[in-house]
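Asks: Please find one structure pasted underneath; my questions will follow.
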Amino acid sequence: MTEQRGGAVDESCVLTEGPWTHRFVGANGSRFHVVEAGTGPMVLLLHGFPEHWWAWHDVLPAVADAGFRAVAVDLRGYGASDKPPRGYDGYTLAADVAGLIRGLGERSATVVGTGAGGLIGWTAASFHPSLVRRLVVLGAPHPLRLRAAIFADPRGQFAAATPALKFQLPRYEHVLTRDDAAAVEEMLRRWGGPRWVDGPDFDAYARRCREAMRIPQAAFCALEGYRWAFRSVLRLHGYRFVRLMQKPLVTPTLQLHGALDVASLPRTAQGSGRYVTAPYEWRLLDDVGHFPHVEARDVVLGEILRWAKS
């Protein structure tokens with residue numbers, strides 16, 4: 001890995017070796033870095049912010065060992081995937097998921113998304129129902145629940161969304177990457193549950209997330225999705241998105257949420273099931289914050305496998 005000007009790092013920092021294979025796959029007009037292991041029905045793992053594919057490094061081999069083709073992807077703009085200046089709207093991010101499933105040679109997949117990746121999972125299942133066989137969402141309310149709560153719950157979800165409001169500021173990506181991306185670790189600490197943040201694995205995980213965010217253009221791209229979400233509220237593009245998202249989901253959906261999540265409040269996430277006409281389950285995880293996949297790995301793994309097999 002080579003250090004570059006301004007504390008930036010090379011994309012190779014996310015190409016960690018392990019019981020998996022690194023590949024690059026063309027989908028929806030961009031090149032995506034995917035990490036895969038195992039054979040069988042595909043489980044596609046979508047990370048959140050401020051993470052990258054490494055969010056799933058513990059879950060990925062275990063899902064593969066259970067008889068699945070486990071694939072973790074660096075979302076558009078993150079890690080070693082392409083970082084185009086545009087395409088961070090809900091439509092394009094959902095089309096990325098659809099393109100990845102097809103580009104990996106599959107007809108459908110169980111999609112698992114956490115945080116921002118969970119919001120993309122909701123959207124992909126809504127817009128491309130034939131490709132998303134089953135959906136597992138961690139720490140992510142249905143996008144319309146989140147949008148409504150930001151306006152209707154000023155002391156709750158609006159206050160919780162304050163960091164994302166700061167993302168609207170021009171050139172805020174420079175704040176994110178300052179001091180070796182110290183702000184990334186601050187967000188992980190603020191949003192994570194105390195048991196994980198004070199535990200033995202946090203520092204190494206935060207270090208990897210900080211490093212990946214210093215890849216050139218990664219911070220800008222990571223913020224663009226949040227910028228679109230807020231700006232689209234006032235635009236026809238966003239109005240149309242809301243209209244399309246109101247169509248009920250026909251994908252069986254499992255929603256897991258940390259009881260201590262201060263980024264997406266449990267009361268915001270509850271009620272997301274009203275948008276699902278297929279089988280739906282909700283589970284609140286005690287002592288867990290915004291990152292259930294690393295805070296309660298064994299519980300999350302068990303639930304993913306149960307849902308993918310059922």
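Following the order of the structure tokens, chains are lettered A, B, ..., residues in each are numbered from 1, and ligands are numbered from 1.
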Show which residues sit within 7 Å of stretch 249-264 of chain A, as a ChimeraX atom specification. Count only C-alpha atoms, and ignore same-chain residues fewer than 6 positions away.
Replies: /A:125-126,129,132-140,157,160-161,191,193,275-290,292
Asks: In stretch 40-158 of chain A, what's strand (DSSP E) per DSSP? Answer as a PyMOL selection string?
Replies: chain A and resi 42-46+69-73+109-114+132-138
Asks: Which neighbours of stretch 27-34 of chain A fall inside 9 Å, counting only C-alpha atoms, when residues of the same chain fewer than 6 positions from it are skipped, and could you give them as number ranges by chain?
Replies: A: 21, 53, 71-76, 79-84, 92, 95-104
Asks: Could you check how far atom CA of A:Gly67 sits from atom CA of A:Leu119, in Å to one decimal?
Replies: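 We find that atom CA of A:Gly67 and atom CA of A:Leu119 lie 26.5 Å from each other.
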Asks: Under the rule that only C-alpha atoms are counted, which of A:Leu93, A:Ala219, A:Val294, A:Ala269 is the nearest residue to A:Asp201?
Replies: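 Among the listed residues, the smallest separation from A:Asp201 belongs to A:Val294.
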Asks: Enumerate the residues of stretch 119-167 of chain A with a DSSP assignment of helix (DSSP H, G or I), computed from the backbone, and present them as a JSON list (two decimals) with N, CA and C atoms, in the first residue's frame.
Replies:
[["chain", "number", "residue", "atom", "x", "y", "z"],
["A", 119, "LEU", "N", -30.79, 0.74, 3.41],
["A", 119, "LEU", "CA", -31.68, 1.62, 2.65],
["A", 119, "LEU", "C", -31.66, 1.24, 1.17],
["A", 120, "ILE", "N", -30.45, 0.92, 0.66],
["A", 120, "ILE", "CA", -30.33, 0.48, -0.74],
["A", 120, "ILE", "C", -31.04, -0.86, -0.92],
["A", 121, "GLY", "N", -30.95, -1.74, 0.07],
["A", 121, "GLY", "CA", -31.63, -3.02, 0.01],
["A", 121, "GLY", "C", -33.14, -2.87, -0.10],
["A", 122, "TRP", "N", -33.71, -1.99, 0.73],
["A", 122, "TRP", "CA", -35.15, -1.70, 0.64],
["A", 122, "TRP", "C", -35.52, -1.25, -0.79],
["A", 123, "THR", "N", -34.71, -0.34, -1.33],
["A", 123, "THR", "CA", -35.01, 0.24, -2.64],
["A", 123, "THR", "C", -34.86, -0.80, -3.75],
["A", 124, "ALA", "N", -33.80, -1.61, -3.67],
["A", 124, "ALA", "CA", -33.58, -2.64, -4.70],
["A", 124, "ALA", "C", -34.73, -3.64, -4.71],
["A", 125, "ALA", "N", -35.19, -4.04, -3.51],
["A", 125, "ALA", "CA", -36.30, -4.99, -3.44],
["A", 125, "ALA", "C", -37.59, -4.38, -3.97],
["A", 126, "SER", "N", -37.74, -3.07, -3.79],
["A", 126, "SER", "CA", -38.93, -2.38, -4.27],
["A", 126, "SER", "C", -38.92, -2.22, -5.79],
["A", 127, "PHE", "N", -37.76, -1.83, -6.33],
["A", 127, "PHE", "CA", -37.66, -1.52, -7.76],
["A", 127, "PHE", "C", -37.38, -2.76, -8.62],
["A", 143, "PRO", "N", -37.04, 3.59, 3.69],
["A", 143, "PRO", "CA", -36.72, 4.99, 3.36],
["A", 143, "PRO", "C", -37.87, 5.97, 3.59],
["A", 144, "LEU", "N", -39.10, 5.55, 3.40],
["A", 144, "LEU", "CA", -40.22, 6.46, 3.62],
["A", 144, "LEU", "C", -40.50, 6.67, 5.10],
["A", 145, "ARG", "N", -40.24, 5.65, 5.93],
["A", 145, "ARG", "CA", -40.34, 5.82, 7.38],
["A", 145, "ARG", "C", -39.29, 6.82, 7.86],
["A", 146, "LEU", "N", -38.07, 6.67, 7.32],
["A", 146, "LEU", "CA", -36.99, 7.57, 7.72],
["A", 146, "LEU", "C", -37.30, 9.00, 7.32],
["A", 147, "ARG", "N", -37.76, 9.19, 6.09],
["A", 147, "ARG", "CA", -38.07, 10.52, 5.59],
["A", 147, "ARG", "C", -39.18, 11.17, 6.42],
["A", 148, "ALA", "N", -40.22, 10.40, 6.72],
["A", 148, "ALA", "CA", -41.34, 10.94, 7.50],
["A", 148, "ALA", "C", -40.90, 11.32, 8.91],
["A", 149, "ALA", "N", -40.06, 10.46, 9.53],
["A", 149, "ALA", "CA", -39.65, 10.69, 10.92],
["A", 149, "ALA", "C", -38.75, 11.91, 11.05],
["A", 150, "ILE", "N", -37.92, 12.17, 10.04],
["A", 150, "ILE", "CA", -37.04, 13.34, 10.09],
["A", 150, "ILE", "C", -37.88, 14.62, 10.20],
["A", 151, "PHE", "N", -39.04, 14.64, 9.53],
["A", 151, "PHE", "CA", -39.90, 15.82, 9.58],
["A", 151, "PHE", "C", -40.85, 15.80, 10.77],
["A", 152, "ALA", "N", -41.30, 14.61, 11.19],
["A", 152, "ALA", "CA", -42.36, 14.51, 12.20],
["A", 152, "ALA", "C", -41.82, 14.36, 13.63],
["A", 154, "PRO", "N", -38.94, 15.96, 15.54],
["A", 154, "PRO", "CA", -37.79, 16.90, 15.60],
["A", 154, "PRO", "C", -36.81, 16.60, 16.72],
["A", 155, "ARG", "N", -37.29, 16.14, 17.87],
["A", 155, "ARG", "CA", -36.39, 15.86, 18.99],
["A", 155, "ARG", "C", -35.79, 14.47, 18.90],
["A", 156, "GLY", "N", -36.34, 13.65, 18.02],
["A", 156, "GLY", "CA", -35.85, 12.28, 17.88],
["A", 156, "GLY", "C", -35.03, 12.09, 16.63],
["A", 157, "GLN", "N", -35.69, 11.65, 15.53],
["A", 157, "GLN", "CA", -34.95, 11.30, 14.32],
["A", 157, "GLN", "C", -34.29, 12.50, 13.66],
["A", 158, "PHE", "N", -34.93, 13.67, 13.73],
["A", 158, "PHE", "CA", -34.28, 14.85, 13.13],
["A", 158, "PHE", "C", -32.98, 15.16, 13.85],
["A", 159, "ALA", "N", -33.01, 15.12, 15.19],
["A", 159, "ALA", "CA", -31.78, 15.36, 15.97],
["A", 159, "ALA", "C", -30.74, 14.29, 15.68],
["A", 160, "ALA", "N", -31.20, 13.02, 15.54],
["A", 160, "ALA", "CA", -30.27, 11.92, 15.25],
["A", 160, "ALA", "C", -29.62, 12.09, 13.88],
["A", 162, "THR", "N", -28.62, 14.85, 12.56],
["A", 162, "THR", "CA", -27.79, 16.06, 12.49],
["A", 162, "THR", "C", -26.44, 15.84, 11.79],
["A", 163, "PRO", "N", -25.71, 14.73, 12.08],
["A", 163, "PRO", "CA", -24.45, 14.52, 11.35],
["A", 163, "PRO", "C", -24.66, 14.49, 9.83],
["A", 164, "ALA", "N", -25.74, 13.86, 9.38],
["A", 164, "ALA", "CA", -26.01, 13.80, 7.94],
["A", 164, "ALA", "C", -26.37, 15.17, 7.39],
["A", 165, "LEU", "N", -26.94, 16.02, 8.21],
["A", 165, "LEU", "CA", -27.23, 17.39, 7.77],
["A", 165, "LEU", "C", -25.92, 18.14, 7.50],
["A", 166, "LYS", "N", -24.90, 17.87, 8.33],
["A", 166, "LYS", "CA", -23.59, 18.50, 8.11],
["A", 166, "LYS", "C", -22.98, 18.05, 6.79]]
Asks: Considering only C-alpha atoms, state which residue in the set A:Pro41, A:Pro170, A:Pro19, A:Pro50 is at the smallest distance from A:Ala206.
Replies: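 Under the stated criterion, the closest residue is A:Pro50.
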Asks: Atom CA of A:Phe291 to atom CA of A:Leu265: how many Å, to one decimal?
Replies: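 Straight-line distance from atom CA of A:Phe291 to atom CA of A:Leu265 works out to 12.7 Å.
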Asks: Using only C-alpha atoms, determine which residues lie at most 12 Å from stretch 55-57 of chain A, disregarding the query and same-chain residues fewer than 4 positions distant; provide the list as number ranges by chain.
Replies: A: 14-21, 34-37, 43-51, 61-64, 70-75, 79, 112-115, 117, 202, 204-206, 208-209, 212, 291-295, 297, 300-301
Asks: With only C-alpha atoms as the atoms that count, which of A:Asp58, A:Asp89, A:Asp10, A:Asp65 lies nearest to A:His237?
Replies: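 Using only C-alpha atoms, A:His237 sits closest to A:Asp89.
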Asks: Could you name the residues that touch stretch 223-229 of chain A at 8 Å or less, counting only C-alpha atoms, but leaving out those on the same chain fewer than 6 positions away, as a PyMOL selection string?
Replies: chain A and resi 88-90+164+167-168+173+238
Asks: Which distance in Å separates atom CA of A:Glu211 and atom CA of A:Gly87, to one decimal?
Replies: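 Atom CA of A:Glu211 sits 23.5 Å away from atom CA of A:Gly87.
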